[in-house]
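Enquirer: Coordinates in query-v2.cif, mmCIF, C-alpha atoms, are listed below.
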```cif
data_final
loop_
_atom_site.label_atom_id
_atom_site.label_comp_id
_atom_site.auth_asym_id
_atom_site.auth_seq_id
_atom_site.Cartn_x
_atom_site.Cartn_y
_atom_site.Cartn_z
CA MET E 1385 9.33 49.72 55.59
CA PHE E 1386 6.32 47.62 56.62
CA ASN E 1387 8.38 44.43 56.50
CA TRP E 1388 10.95 46.00 58.82
CA VAL E 1389 8.14 46.79 61.28
CA LYS E 1390 6.90 43.19 61.05
CA THR E 1391 10.44 41.90 61.57
CA THR E 1392 10.96 44.08 64.65
CA ILE E 1393 7.65 42.96 66.16
CA LEU E 1394 8.48 39.33 65.43
CA MET E 1395 11.91 39.60 67.02
CA ALA E 1396 10.47 41.28 70.15
CA GLY E 1397 7.80 38.59 70.39
CA ILE E 1398 10.41 35.86 70.11
CA VAL E 1399 12.45 37.31 72.99
CA ALA E 1400 9.31 37.62 75.11
CA LEU E 1401 8.33 34.03 74.31
CA PHE E 1402 11.77 32.74 75.26
CA GLY E 1403 11.48 34.63 78.55
CA ALA E 1404 8.02 33.19 79.27
CA VAL E 1405 9.19 29.63 78.66
CA GLY E 1406 12.24 30.27 80.82
CA MET E 1407 10.04 31.59 83.65
CA LEU E 1408 7.80 28.53 83.47
CA LEU E 1409 10.73 26.15 83.56
CA GLY E 1410 13.23 27.89 85.84
CA GLY E 1411 11.66 30.85 87.62
CA LYS E 1412 13.34 34.26 87.53
CA SER E 1413 16.79 32.89 86.86
CA GLY E 1414 15.40 30.73 84.06
CA MET E 1415 13.66 33.75 82.58
CA LEU E 1416 16.86 35.82 82.55
CA ILE E 1417 18.82 33.01 80.94
CA ALA E 1418 16.09 32.44 78.34
CA LEU E 1419 15.86 36.17 77.56
CA GLY E 1420 19.59 36.19 76.91
CA ILE E 1421 19.29 33.12 74.69
CA GLY E 1422 16.38 34.72 72.81
CA ALA E 1423 18.27 37.95 72.16
CA ALA E 1424 21.38 36.06 71.06
CA MET E 1425 19.30 33.77 68.83
CA ASN E 1426 17.72 36.79 67.12
CA LEU E 1427 21.12 38.27 66.32
CA PHE E 1428 22.49 34.92 65.18
CA ALA E 1429 19.42 34.26 63.01
CA TYR E 1430 19.64 37.71 61.41
CA TRP E 1431 23.17 37.03 60.16
CA ASN E 1432 23.11 33.26 59.69
CA SER E 1433 19.55 31.95 59.22
CA ASP E 1434 19.93 31.75 55.44
CA LYS E 1435 23.12 29.69 55.74
CA MET E 1436 21.47 27.42 58.31
CA VAL E 1437 18.47 26.68 56.11
CA LEU E 1438 20.60 26.05 53.01
CA LYS E 1439 22.84 23.71 55.01
CA MET E 1440 19.79 21.98 56.50
CA TYR E 1441 18.57 21.16 52.98
CA ARG E 1442 22.11 20.23 51.83
CA ALA E 1443 21.82 22.79 49.05
CA GLN E 1444 24.72 22.91 46.59
CA GLU E 1445 25.70 26.24 45.03
CA VAL E 1446 25.99 26.34 41.24
CA ASP E 1447 27.50 28.87 38.84
CA ALA E 1448 27.16 29.69 35.14
CA ASN E 1449 29.01 26.50 34.16
CA SER E 1450 27.40 24.01 36.54
CA GLY E 1451 23.98 25.66 36.70
CA GLY E 1452 23.29 25.70 32.96
CA ARG E 1453 19.85 26.92 31.89
CA TYR E 1454 18.71 27.24 35.51
CA TYR E 1455 21.48 29.71 36.40
CA ALA E 1456 21.03 31.66 33.16
CA MET E 1457 17.30 31.88 33.82
CA VAL E 1458 17.81 33.33 37.30
CA LYS E 1459 20.33 35.83 35.94
CA GLU E 1460 17.91 37.07 33.28
CA LEU E 1461 15.02 37.35 35.74
CA ALA E 1462 17.16 39.18 38.31
CA GLN E 1463 18.01 41.74 35.64
CA ASN E 1464 14.31 42.07 34.78
CA ALA E 1465 13.54 42.69 38.45
CA GLY E 1466 16.37 45.19 38.93
CA LEU E 1467 17.99 42.96 41.56
CA PRO E 1468 21.62 42.01 42.24
CA MET E 1469 22.45 38.49 41.08
CA PRO E 1470 21.55 36.13 43.95
CA ARG E 1471 23.49 33.00 44.84
CA VAL E 1472 21.92 30.02 43.10
CA TYR E 1473 21.50 26.58 44.71
CA VAL E 1474 20.23 23.11 43.81
CA ILE E 1475 18.69 20.76 46.37
CA ASP E 1476 18.91 17.04 45.62
CA GLU E 1477 15.27 16.20 46.40
CA ALA E 1478 12.69 14.43 44.26
CA GLN E 1479 9.84 16.62 45.46
CA PRO E 1480 9.36 19.64 43.19
CA ASN E 1481 9.79 22.82 45.24
CA ALA E 1482 11.79 26.04 45.57
CA PHE E 1483 12.47 28.87 48.00
CA ALA E 1484 14.36 32.13 48.42
CA THR E 1485 16.36 33.23 51.45
CA GLY E 1486 18.73 35.98 52.62
CA ARG E 1487 18.53 39.05 54.85
CA ASN E 1488 18.30 41.50 51.93
CA PRO E 1489 18.58 41.60 48.12
CA GLU E 1490 22.35 42.07 48.34
CA HIS E 1491 22.69 38.81 50.31
CA ALA E 1492 19.95 36.75 48.69
CA ALA E 1493 19.91 33.16 47.49
CA VAL E 1494 17.42 31.08 45.55
CA ALA E 1495 17.17 27.31 45.70
CA ALA E 1496 15.29 24.77 43.60
CA THR E 1497 15.04 21.02 43.95
CA SER E 1498 16.27 18.65 41.29
CA GLY E 1499 12.70 17.37 41.15
CA ILE E 1500 11.25 20.71 40.08
CA MET E 1501 13.81 21.07 37.30
CA GLN E 1502 12.92 17.63 35.97
CA LEU E 1503 9.17 18.19 36.22
CA LEU E 1504 8.70 21.67 34.76
CA SER E 1505 9.28 23.07 31.32
CA ASP E 1506 11.71 25.98 30.97
CA ARG E 1507 8.78 28.36 30.75
CA GLU E 1508 7.20 27.02 33.97
CA LEU E 1509 10.49 26.97 35.86
CA ARG E 1510 11.04 30.56 34.79
CA GLY E 1511 7.69 31.47 36.36
CA VAL E 1512 8.67 29.76 39.62
CA MET E 1513 12.02 31.50 39.89
CA ALA E 1514 10.38 34.84 39.11
CA HIS E 1515 8.10 34.19 42.09
CA GLU E 1516 11.12 33.52 44.33
CA LEU E 1517 12.86 36.68 43.14
CA ALA E 1518 9.65 38.57 43.92
CA HIS E 1519 10.09 37.50 47.56
CA VAL E 1520 13.60 38.95 47.40
CA LYS E 1521 12.26 42.15 45.82
CA HIS E 1522 9.61 42.48 48.53
CA ARG E 1523 12.22 41.74 51.23
CA ASP E 1524 10.11 38.86 52.51
CA THR E 1525 13.11 36.58 52.84
CA LEU E 1526 14.48 37.96 56.13
CA ILE E 1527 11.30 37.48 58.16
CA SER E 1528 10.59 34.17 56.44
CA THR E 1529 13.98 32.61 57.12
CA MET E 1530 14.32 34.03 60.64
CA SER E 1531 10.91 32.72 61.62
CA ALA E 1532 11.85 29.27 60.34
CA THR E 1533 15.10 29.02 62.30
CA VAL E 1534 13.83 30.59 65.52
CA ALA E 1535 10.62 28.53 65.56
CA GLY E 1536 12.79 25.44 65.72
CA ALA E 1537 14.84 27.03 68.50
CA ILE E 1538 11.72 27.56 70.62
CA SER E 1539 11.01 23.84 70.61
CA MET E 1540 14.68 23.16 71.38
CA LEU E 1541 14.56 25.52 74.36
CA ALA E 1542 11.43 23.85 75.75
CA ASN E 1543 12.92 20.36 75.39
CA PHE E 1544 16.21 21.46 76.95
CA GLY E 1545 14.40 23.09 79.85
CA MET E 1546 12.29 20.03 80.56
CA MET E 1547 15.35 17.80 80.57
CA PHE E 1548 17.72 19.98 82.56
CA GLY E 1549 15.69 22.82 84.04
CA GLY E 1550 15.94 23.07 87.82
CA ARG E 1551 16.90 20.59 90.47
CA GLY E 1552 14.92 19.09 93.31
CA ASP E 1553 12.00 21.34 94.25
CA ASN E 1554 12.90 23.78 91.49
CA ARG E 1555 12.39 21.20 88.78
CA PRO E 1556 9.14 21.72 86.80
CA ASN E 1557 6.36 19.33 87.70
CA PRO E 1558 5.15 16.79 85.11
CA VAL E 1559 1.96 18.75 84.37
CA LEU E 1560 3.97 21.90 83.63
CA ALA E 1561 6.44 19.92 81.55
CA MET E 1562 3.58 18.50 79.49
CA ALA E 1563 2.12 22.00 79.07
CA VAL E 1564 5.43 23.28 77.73
CA MET E 1565 5.59 20.36 75.28
CA ILE E 1566 2.22 21.49 73.93
CA ILE E 1567 2.95 25.22 74.03
CA ALA E 1568 6.25 25.01 72.13
CA PRO E 1569 4.87 23.74 68.79
CA ILE E 1570 1.85 26.04 69.11
CA ALA E 1571 4.18 28.98 69.64
CA ALA E 1572 6.14 27.93 66.58
CA MET E 1573 2.89 27.74 64.65
CA LEU E 1574 1.96 31.27 65.72
CA ILE E 1575 5.28 32.51 64.41
CA GLN E 1576 4.44 30.94 61.08
CA MET E 1577 1.06 32.68 61.14
CA ALA E 1578 2.88 36.00 61.47
CA ILE E 1579 3.75 35.45 57.83
CA SER E 1580 0.66 36.68 56.00
CA ARG E 1581 -1.06 34.67 53.27
CA ALA E 1582 -0.91 37.89 51.29
CA ARG E 1583 2.87 37.37 51.05
CA GLU E 1584 2.37 34.49 48.60
CA PHE E 1585 -0.27 36.31 46.58
CA GLY E 1586 2.01 39.36 46.40
CA ALA E 1587 4.95 37.26 45.22
CA ASP E 1588 2.76 35.57 42.61
CA ALA E 1589 1.64 38.94 41.24
CA ARG E 1590 5.14 40.48 41.24
CA GLY E 1591 6.61 37.28 39.84
CA ALA E 1592 4.14 37.50 36.95
CA GLU E 1593 5.44 41.01 36.27
CA ILE E 1594 9.07 39.89 36.39
CA SER E 1595 8.54 36.92 34.06
CA ARG E 1596 5.88 38.68 31.99
CA ASP E 1597 4.11 35.32 31.86
CA PRO E 1598 1.53 34.77 34.66
CA GLU E 1599 0.10 31.66 33.01
CA ALA E 1600 3.48 29.91 33.22
CA LEU E 1601 3.50 30.25 37.02
CA ALA E 1602 -0.15 29.14 37.18
CA SER E 1603 0.69 26.00 35.20
CA ALA E 1604 3.75 25.35 37.37
CA LEU E 1605 1.80 25.66 40.62
CA LYS E 1606 -0.76 23.08 39.49
CA LYS E 1607 1.97 20.62 38.47
CA ILE E 1608 4.02 21.13 41.64
CA GLU E 1609 1.07 20.59 43.96
CA ALA E 1610 -0.03 17.43 42.12
CA TYR E 1611 3.42 15.85 42.36
CA ALA E 1612 4.46 17.22 45.79
CA LYS E 1613 1.58 15.44 47.54
CA GLY E 1614 2.95 12.04 46.57
CA LEU E 1615 6.65 12.78 47.11
CA PRO E 1616 7.60 13.48 50.73
CA MET E 1617 10.53 15.79 51.49
CA PRO E 1618 12.26 14.27 54.55
CA THR E 1619 14.05 17.47 55.57
CA ALA E 1620 10.83 19.48 55.54
CA GLU E 1621 9.03 16.74 57.49
CA ALA E 1622 11.81 16.84 60.10
CA HIS E 1623 11.77 20.67 60.19
CA PRO E 1624 8.16 21.69 59.47
CA GLU E 1625 8.88 25.26 60.56
CA THR E 1626 10.67 25.74 57.21
CA ALA E 1627 7.60 24.74 55.17
CA GLN E 1628 6.34 28.31 54.80
CA MET E 1629 9.46 29.23 52.84
CA MET E 1630 8.56 26.91 49.95
CA ILE E 1631 6.52 27.88 46.91
CA ILE E 1632 4.13 24.97 47.68
CA ASN E 1633 3.57 23.41 51.11
CA PRO E 1634 6.01 20.45 51.19
CA LEU E 1635 4.43 18.66 54.15
CA SER E 1636 2.31 15.53 54.01
CA GLY E 1637 -0.40 17.24 56.07
CA ASN E 1638 -0.65 14.51 58.68
CA GLY E 1639 -0.91 15.24 62.40
CA ILE E 1640 0.58 18.33 63.97
CA LYS E 1641 2.67 19.08 60.88
CA SER E 1642 -0.48 20.29 59.13
CA LEU E 1643 -0.56 23.19 61.60
CA PHE E 1644 2.48 24.68 59.90
CA SER E 1645 0.73 25.14 56.55
CA THR E 1646 0.66 28.85 55.82
CA HIS E 1647 0.07 28.64 52.08
CA PRO E 1648 -3.17 29.79 50.49
CA SER E 1649 -4.94 27.24 48.30
CA THR E 1650 -3.30 26.60 44.95
CA ASP E 1651 -6.65 26.92 43.18
CA GLU E 1652 -7.02 30.44 44.55
CA ARG E 1653 -3.50 31.39 43.53
CA VAL E 1654 -4.01 29.99 40.03
CA ALA E 1655 -7.30 31.87 39.66
CA LYS E 1656 -5.61 35.16 40.54
CA LEU E 1657 -2.80 34.51 38.06
CA VAL E 1658 -5.27 33.66 35.29
CA ALA E 1659 -7.09 36.91 36.07
CA ILE E 1660 -3.81 38.82 35.75
CA ALA E 1661 -3.13 37.13 32.40
CA ARG E 1662 -6.55 38.20 31.15
CA GLY E 1663 -6.01 41.74 32.38
CA ALA E 1664 -8.82 41.49 34.92
#
```
Would you mind writing the file out in structure tokens?
Expert:
Amino acid sequence: MFNWVKTTILMAGIVALFGAVGMLLGGKSGMLIALGIGAAMNLFAYWNSDKMVLKMYRAQEVDANSGGRYYAMVKELAQNAGLPMPRVYVIDEAQPNAFATGRNPEHAAVAATSGIMQLLSDRELRGVMAHELAHVKHRDTLISTMSATVAGAISMLANFGMMFGGRGDNRPNPVLAMAVMIIAPIAAMLIQMAISRAREFGADARGAEISRDPEALASALKKIEAYAKGLPMPTAEAHPETAQMMIINPLSGNGIKSLFSTHPSTDERVAKLVAIARGA
């Protein structure tokens, strides 16, 4: 129920933000147009944001034959969690990472990079996929995926407005245009911050229950972070608003992209998982 409240507040905030940008760039008529775009974007994102993100990362769906141990692992963990079988995807990326998406457990998908499957042992990969299924169980995936797609749309709206908004005297002045260029990524960042750090801690804890092996996830997190720092993920760098969906922050951390980091420290996550393993 709480996640539905968060989703509703987020969607209302997005529409209001679209309207504010539209007012800045095009006055009352610009505000009305932007409000319409914001409302339409919310509806579109609700039904299609998962497909958009999977397409963005060129994820390929696998089945029992093509997915091998990875698919079988997800199937077993979904049964442990009492979840419907999600769609299973592989992303051809060297960086080790994974995410879950979908508007609800009945329309969920999990995706893992080829890099993570090469890096981790079966036990560690099992811990990672249990974490992703915990996001599905907690219904985190709707707000996570919607925020990623709409954050990108906010920047698109600002850029479009600066290029084409108004004519003659109605065209925004250069100072206002520069302000919008600054506001758009900050607004996107604030949307990311609407996703609580507690979401990752909660998924770690529930994932440990699903896999019944908290130390496996702790080991996986340490490995993923160590390797991810030296292996850039071009799609994530181009679309930093999607970074919060990943199990570990995929961004290099340079410049404005570091603002999109919503992950708690790996050391803190590992410490909590070790405590769970020890029954603390």
Enquirer: So which residues touch segment 1491-1503 of chain E within 7 Å, counting only C-alpha atoms, skipping near sequence neighbours fewer than 3 positions away, as a ChimeraX atom specification?
Expert: /E:1470-1488,1509,1516,1520
Enquirer: Just the number, please: distance in Å from atom CA of Trp1431 of chain E to atom CA of Leu1517 of chain E, one decimal.
Expert: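 Atom-to-atom, atom CA of Trp1431 of chain E and atom CA of Leu1517 of chain E are spaced 19.9 Å apart.
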Enquirer: Carefully work through the PyMOL selection byres ((chain E and resi 1448-1460) around 7) for this structure and note down the residues it includes, as an MDAnalysis selection string.
Expert: chainID E and resid 1446:1447 1461:1464 1469 1472 1510 1513
Enquirer: Now that the selection is made, can you save its residues with C-alpha atoms as a tab-separated table (two decimals), in the coordinates of the input?
Expert:
```tsv
chain	number	residue	atom	x	y	z
E	1446	VAL	CA	25.99	26.34	41.24
E	1447	ASP	CA	27.50	28.87	38.84
E	1461	LEU	CA	15.02	37.35	35.74
E	1462	ALA	CA	17.16	39.18	38.31
E	1463	GLN	CA	18.01	41.74	35.64
E	1464	ASN	CA	14.31	42.07	34.78
E	1469	MET	CA	22.45	38.49	41.08
E	1472	VAL	CA	21.92	30.02	43.10
E	1510	ARG	CA	11.04	30.56	34.79
E	1513	MET	CA	12.02	31.50	39.89
```
Enquirer: What's the 9 Å shell around Arg1590 of chain E, counting all atoms listed in the file, without same-chain residues fewer than 2 positions away, as a PyMOL selection string?
Expert: chain E and resi 1514-1515+1517-1519+1521-1522+1585-1588+1592-1595
Enquirer: Do you have the atom CA of Arg1653 of chain E-atom CA of Glu1490 of chain E distance handy?
Expert: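 Going from atom CA of Arg1653 of chain E over to atom CA of Glu1490 of chain E covers 28.4 Å.
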Enquirer: Do you have the atom CA of Ile1608 of chain E-atom CA of Ile1632 of chain E distance handy?
Expert: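 Rounded to one decimal, the two atoms are 7.2 Å apart.
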Enquirer: I need the residue set behind the PyMOL selection byres ((chain E and resi 1613) around 10) for this file; please write it as a list in words.
Expert: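 Checking the PyMOL selection byres ((chain E and resi 1613) around 10) against this file, the residues are Gln1479, Pro1480, Ile1608, Glu1609, Ala1610, Tyr1611, Ala1612, Gly1614, Leu1615, Pro1616, Met1617, Ile1632, Asn1633, Pro1634, Leu1635, Ser1636 and Gly1637 of chain E.
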Enquirer: Give the answer as one residue: which of E:Glu1508, E:Arg1583, E:Thr1650, E:Arg1442 has the shortest atom-to-atom distance to Arg1523 of chain E, using only C-alpha atoms?
Expert: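 Ranked by minimum distance to Arg1523 of chain E, first place goes to E:Arg1583.
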Enquirer: Smallest atom-to-atom distance to Asn1426 of chain E: which of E:Val1512, E:Val1389, E:Leu1526, E:Ala1589, using all atoms listed in the file?
Expert: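 Going through E:Val1512, E:Val1389, E:Leu1526, E:Ala1589 one by one, the smallest distance to Asn1426 of chain E is for E:Leu1526.
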Enquirer: With distances taken over all atoms listed in the file, which of E:Ala1396, E:Pro1598, E:Lys1607, E:Lys1435 is nearest to Leu1419 of chain E?
Expert: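 Closest to Leu1419 of chain E of all the choices is E:Ala1396.
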